[in-house]
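A short write-up of the structure that comes next.
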Amino acid sequence: MNKIKKKKELNSTVTMMDIEAPLIAKKAEAGQFIILRVNSDGERIPLTIAGYDRNEGTVKIIFQIVGATTMRLNAKNEGDYIEDFVGPLGCPTKTEGRRKVCIVGGGVGCAIALPLAQKFHELGAEVHAIIGFRNKDMLILEEEFKACSNQLTIMTDDGSYGRKGVVTLPLKEALENQENYDEVITIGPLIMMKHVVATTKPFGIPTTVSMNPIMIDGTGMCGGCRLTLNQDGKSITKFACVDGPDFNGFEVDFDEAISRASMYKEFEQQEREHCCNLFKEVEGGRK
């Protein structure tokens, strides 16, 4: 079992936790993920590592409260324990040799983008970060991105903070102004990553996408994270959790991935409603 050393609410739907896991913290790298189980009868879910402290022996996770398991996880407090916490898994993001990169994050995907920005900054690369949210209330990790970015652009859909619009707007402006990025790395909702790739492709800028949004069991056995890549005119199948989660964005069949990701929405909603009712019953019994 692993102890929750720190818990912090980043906004009304996103929570950050530092988990005591010295062996994982010792080996973890940006881009990798862990698998956790909240309790002994709970499901296993993958969460990308949002940071680590090798000296303290802790691993940081940031999650959005969207389903039954994340609701149960969010009900835990500092000092409580998580049943299982396994990793690091997946392939680390390639960070060596880049002199100038653009990190594009959307929503809770910014939690995954941050350790990449920090790693590139640590290696001496020039980091431009573009992060987008629905509105000001959803904004997370602004100060952390400022600390590791040479240039930070914040976008909100409604214009309540930063610039109004989507993340591809400043990205396209930068590319049209001949910003010579060695690589663009994007992490966020599938539809956002699809449009980022469509923006960079005409300019020929290598673009990496993190396909963690489609991961389910984190081992490849469920098949839910299978992904079609188009390489040299041929379609090949890969698995986000064992072959990734990073892939060449120009090769990813996003339409297929988006369609597959929507298959579980109804079931997830049912589980969330069931979990909500359980919490209401528990809270009602305490009064």
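Scheme for the structure tokens: letters A, B, ... for chains in order shown; per-chain residue numbers from 1; ligand numbers from 1 in order shown.
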>> If we count only C-alpha atoms and set the cut-off at 7 Å, which residues sit around Phe239 (chain A), ignoring sequence neighbours fewer than 4 positions away in its own chain? Please answer as a PyMOL selection string.
In response: chain A and resi 220+225-227+243-244
> Could you pull out all residues of region 45-101 of chain A with a DSSP call of helix (DSSP H, G or I) and give them as a PyMOL selection string?
Replying inline: chain A and resi 68-74
> Between A:Asp246, A:Asn180, A:Thr153, A:Leu47, which one has atoms that come closest to Ile35 (chain A), using only C-alpha atoms?
Replying inline: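 Nearest candidate to Ile35 (chain A) out of A:Asp246, A:Asn180, A:Thr153, A:Leu47: A:Leu47.
Note that the spacing between CA of Val127 (chain A) and CA of Leu190 (chain A) amounts to 22.8 Å.
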Need the shell around Ile258 (chain A): protein/DNA/RNA residues with any atom at most 10 Å away, counting only C-alpha atoms. Skip same-chain ones fewer than 6 positions apart. Format as a tab-separated table (two decimals) with N, CA, C and O atoms, in the first residue's frame?
```tsv
chain	number	residue	atom	x	y	z
A	189	PRO	N	-7.07	16.58	-24.94
A	189	PRO	CA	-8.17	15.85	-25.58
A	189	PRO	C	-7.80	15.42	-27.00
A	189	PRO	O	-7.04	16.11	-27.69
A	190	LEU	N	-8.33	14.28	-27.44
A	190	LEU	CA	-7.99	13.76	-28.76
A	190	LEU	C	-8.28	14.76	-29.88
A	190	LEU	O	-7.48	14.93	-30.80
A	191	ILE	N	-9.42	15.42	-29.79
A	191	ILE	CA	-9.78	16.36	-30.85
A	191	ILE	C	-8.81	17.54	-30.89
A	191	ILE	O	-8.49	18.04	-31.97
A	194	LYS	N	-5.63	16.31	-32.55
A	194	LYS	CA	-5.86	16.17	-33.99
A	194	LYS	C	-5.66	17.49	-34.69
A	194	LYS	O	-5.02	17.57	-35.75
A	213	PRO	N	-4.97	9.40	-23.34
A	213	PRO	CA	-6.43	9.44	-23.14
A	213	PRO	C	-7.16	8.16	-23.52
A	213	PRO	O	-8.28	7.93	-23.05
A	214	ILE	N	-6.56	7.32	-24.38
A	214	ILE	CA	-7.27	6.11	-24.78
A	214	ILE	C	-6.85	4.88	-23.97
A	214	ILE	O	-7.37	3.79	-24.20
```
Give one line per residue of region 101-216 of chain A that approaches region 13-26 of chain A to at most 12 Å, naming the two atoms of the closest pair and their distance in Å to one decimal, counting only C-alpha atoms; sort by chain then ascending residue number and deliver it as a tab-separated table.
```
residue	atom	partner	partner_atom	distance
A:Gly107	CA	A:Val14	CA	9.6
A:Val108	CA	A:Val14	CA	7.3
A:Gly109	CA	A:Val14	CA	10.9
A:Cys110	CA	A:Val14	CA	11.3
A:Ala111	CA	A:Met16	CA	9.1
A:Ile112	CA	A:Met16	CA	11.9
A:Asp137	CA	A:Thr13	CA	10.0
A:Met138	CA	A:Thr13	CA	8.1
A:Leu139	CA	A:Val14	CA	9.9
A:Ile140	CA	A:Val14	CA	8.5
A:Leu141	CA	A:Met16	CA	10.5
```
> Which of these residues is nearest to Lys6 (chain A), using only C-alpha atoms: A:Ile49, A:Ala240, A:Ile62, A:Ile103?
Replying inline: A:Ile62
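Here the strand (DSSP E or B) residues in region 49-94 of chain A, by DSSP on the backbone, are Gly51, Tyr52, Asp53, Thr58, Val59, Lys60, Ile61, Ile62, Phe63, Gln64, Tyr81, Ile82, Asp84, Phe85, Val86, Gly87, Pro88 and Leu89 of chain A.
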> Nearest to Asp232 (chain A) among A:Glu126, A:Asn177, A:Glu251, A:Ala117, with distances taken over only C-alpha atoms: which residue is it?
Replying inline: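 Of A:Glu126, A:Asn177, A:Glu251, A:Ala117, the one nearest Asp232 (chain A), counting only C-alpha atoms, is A:Glu251.
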> Quick one: residues within 8 Å of Asn135 (chain A), only C-alpha atoms counted, chain neighbours fewer than 3 positions away excluded, as an NGL selection string?
Replying inline: :A and (138-139 or 156-161)
Export N, CA and C atoms of the chosen residues as a tab-separated table (two decimals), in the first residue's frame?
```tsv
chain	number	residue	atom	x	y	z
A	138	MET	N	-10.98	26.83	-14.70
A	138	MET	CA	-10.38	25.53	-15.01
A	138	MET	C	-8.85	25.60	-15.09
A	139	LEU	N	-8.28	26.80	-15.01
A	139	LEU	CA	-6.83	26.99	-15.14
A	139	LEU	C	-6.07	26.26	-14.04
A	156	THR	N	-8.09	30.66	-23.22
A	156	THR	CA	-9.37	30.19	-22.68
A	156	THR	C	-10.43	30.31	-23.76
A	157	ASP	N	-11.34	29.35	-23.77
A	157	ASP	CA	-12.39	29.34	-24.80
A	157	ASP	C	-13.25	30.59	-24.76
A	158	ASP	N	-13.52	31.07	-23.53
A	158	ASP	CA	-14.42	32.21	-23.39
A	158	ASP	C	-13.71	33.55	-23.19
A	159	GLY	N	-12.38	33.53	-23.17
A	159	GLY	CA	-11.63	34.77	-23.01
A	159	GLY	C	-11.60	35.31	-21.59
A	160	SER	N	-11.98	34.48	-20.61
A	160	SER	CA	-12.01	34.95	-19.22
A	160	SER	C	-10.62	35.07	-18.61
A	161	TYR	N	-9.60	34.55	-19.30
A	161	TYR	CA	-8.22	34.69	-18.83
A	161	TYR	C	-7.30	34.47	-20.02
```
